[in-house]
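Undergrad: I am attaching a structure below and will ask some questions about it afterwards.
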Amino acid sequence: MLFRAYTIYKSLEGAFPKSEGKNLFAVCSLIASSTVSTRKLPFGVVCTLPRVKSFALPNGESVTIPERIYFREAAEEGLASLTAEQKAIYHCIFSRSHDGYARERSLKALFALGVPDFALPYIVESAGDYVLEIVQTLYRLLCGENLERYREFCGRNIKNVQSCHSRMMSYWWEYYRDICPDYGSYAGKALFEECFGFYKTGQKEIRL
């Protein structure tokens with residue numbers, strides 16, 4: 001079990017600030033005890049996709065968050081044993097889950113806890129999700145937040161915001177034009193414009 005927890009920890013070590021190392025290991029230990037794997041992998045270890053994105057946090061530290069993780073969610077009693085900081089880390093991880101329902105649950109839980117600075121990359125990356133309900137949920141959650149904080153973060157990470165915006169538009173064009181033919185009323189467009197201050201492809205600065 002310890003080996004499994006350590007292996008999961010090493011796969012996620014760069015996804016959080018160094019100061020959160022002990023909290024991250026506690027979360028990885030819970031994940032290791034909750035599941036073997038959703039994929040057949042060496043040593044029965046659950047994995048992350050190798051693709052990552054690098055973000056600059058407000059304190060200047062860089063983190064690299066995974067595109068997808070393949071863990072099963074922990075039981076409620078296991079989550080109850082975590083501190084608030086550890087729960088935030090757990091929900092950041094599961095906001096990248098292969099399971100869309102888990103991603104949505106974790107976003108809601110993050111906002112209920114209060115979004116720490118290290119969770120900002122996970123929030124922004126979720127704006128480019130292909131599941132419409134997740135985009136709609138994120139828009140509703142962000143509308144009650146201090147948006148200046150998110151816009152400042154987006155300004156630090158403008159290339160990632162550009163990439164997320166392009167992905168959001170592509171998903172609307174490919175999957176959601178039938179149910180929302182007017183792009184001007186699409187939740188993804190509102191999310192980027194009203195919450196992140198990002199209006200169009202190629203924009204190089206965030207409107208604060």
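Each chain of the structure tokens is named A, B, ... in the order shown, its residues numbered from 1; ligands are numbered from 1 in display order.
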Just list the residues in stretch 19-166 of chain A DSSP gives alpha helix (DSSP H) on the backbone, as an NGL selection string.
TA: :A and (21-34 or 76-80 or 84-94 or 100-113 or 120-126 or 132-142 or 147-156 or 158-166)
Undergrad: Give me the stretch 91-173 of chain A side of the contact with stretch 81-84 of chain A, cut-off 10 Å, one line per residue showing its nearest atom pair and distance in Å at one decimal, counting only C-alpha atoms, sorted by chain and residue number, as CSV.
TA:
residue,atom,partner,partner_atom,distance
A:Leu110,CA,A:Ala84,CA,10.0
A:Leu113,CA,A:Ala84,CA,7.1
A:Gly114,CA,A:Ala84,CA,9.4
Undergrad: Next, write the just-selected residues to a file, as a PDB file, in the first residue's frame, keeping C-alpha atoms as the atom set.
TA:
ATOM      1  CA  LEU A 110     -13.920  23.014  -4.245  1.00  0.00           C
ATOM      2  CA  LEU A 113     -14.531  24.693   0.622  1.00  0.00           C
ATOM      3  CA  GLY A 114     -13.261  28.015  -0.729  1.00  0.00           C
TER       4      GLY A 114
END
Undergrad: Excluding same-chain residues fewer than 5 positions from A:Leu57, what lies within 8 Å of it counting only C-alpha atoms, as JSON, numbers by chain?
TA: {"A": [62, 63, 117, 118, 120, 121, 153]}
Undergrad: Write the residues you've just listed into a file as a PDB file, in the first residue's frame, and include N, CA and C atoms for each of them.
TA:
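See selection00.pdb below for the written result:
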ATOM      1  N   SER A  62       5.542  27.476 -10.183  1.00  0.00           N
ATOM      2  CA  SER A  62       4.926  26.788 -11.316  1.00  0.00           C
ATOM      3  C   SER A  62       4.458  25.395 -10.911  1.00  0.00           C
ATOM      4  N   VAL A  63       3.309  25.001 -11.448  1.00  0.00           N
ATOM      5  CA  VAL A  63       2.802  23.643 -11.255  1.00  0.00           C
ATOM      6  C   VAL A  63       2.426  23.081 -12.620  1.00  0.00           C
ATOM      7  N   ASP A 117      -5.395  29.172  -3.713  1.00  0.00           N
ATOM      8  CA  ASP A 117      -4.635  29.598  -4.889  1.00  0.00           C
ATOM      9  C   ASP A 117      -4.166  28.414  -5.727  1.00  0.00           C
ATOM     10  N   PHE A 118      -3.789  27.316  -5.065  1.00  0.00           N
ATOM     11  CA  PHE A 118      -3.257  26.197  -5.843  1.00  0.00           C
ATOM     12  C   PHE A 118      -4.337  25.500  -6.675  1.00  0.00           C
ATOM     13  N   LEU A 120      -6.509  27.233  -8.573  1.00  0.00           N
ATOM     14  CA  LEU A 120      -6.873  28.082  -9.711  1.00  0.00           C
ATOM     15  C   LEU A 120      -6.584  27.438 -11.070  1.00  0.00           C
ATOM     16  N   PRO A 121      -5.444  26.751 -11.259  1.00  0.00           N
ATOM     17  CA  PRO A 121      -5.228  26.102 -12.566  1.00  0.00           C
ATOM     18  C   PRO A 121      -6.309  25.075 -12.905  1.00  0.00           C
ATOM     19  N   PHE A 153      -5.148  35.844 -12.372  1.00  0.00           N
ATOM     20  CA  PHE A 153      -4.511  34.547 -12.609  1.00  0.00           C
ATOM     21  C   PHE A 153      -4.478  34.232 -14.105  1.00  0.00           C
TER      22      PHE A 153
END
Undergrad: For atom CA of A:Val52 and atom CA of A:Ser163, quote the distance in Å rounded to one decimal.
TA: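 Atom CA of A:Ser163 lies 13.0 Å from atom CA of A:Val52.
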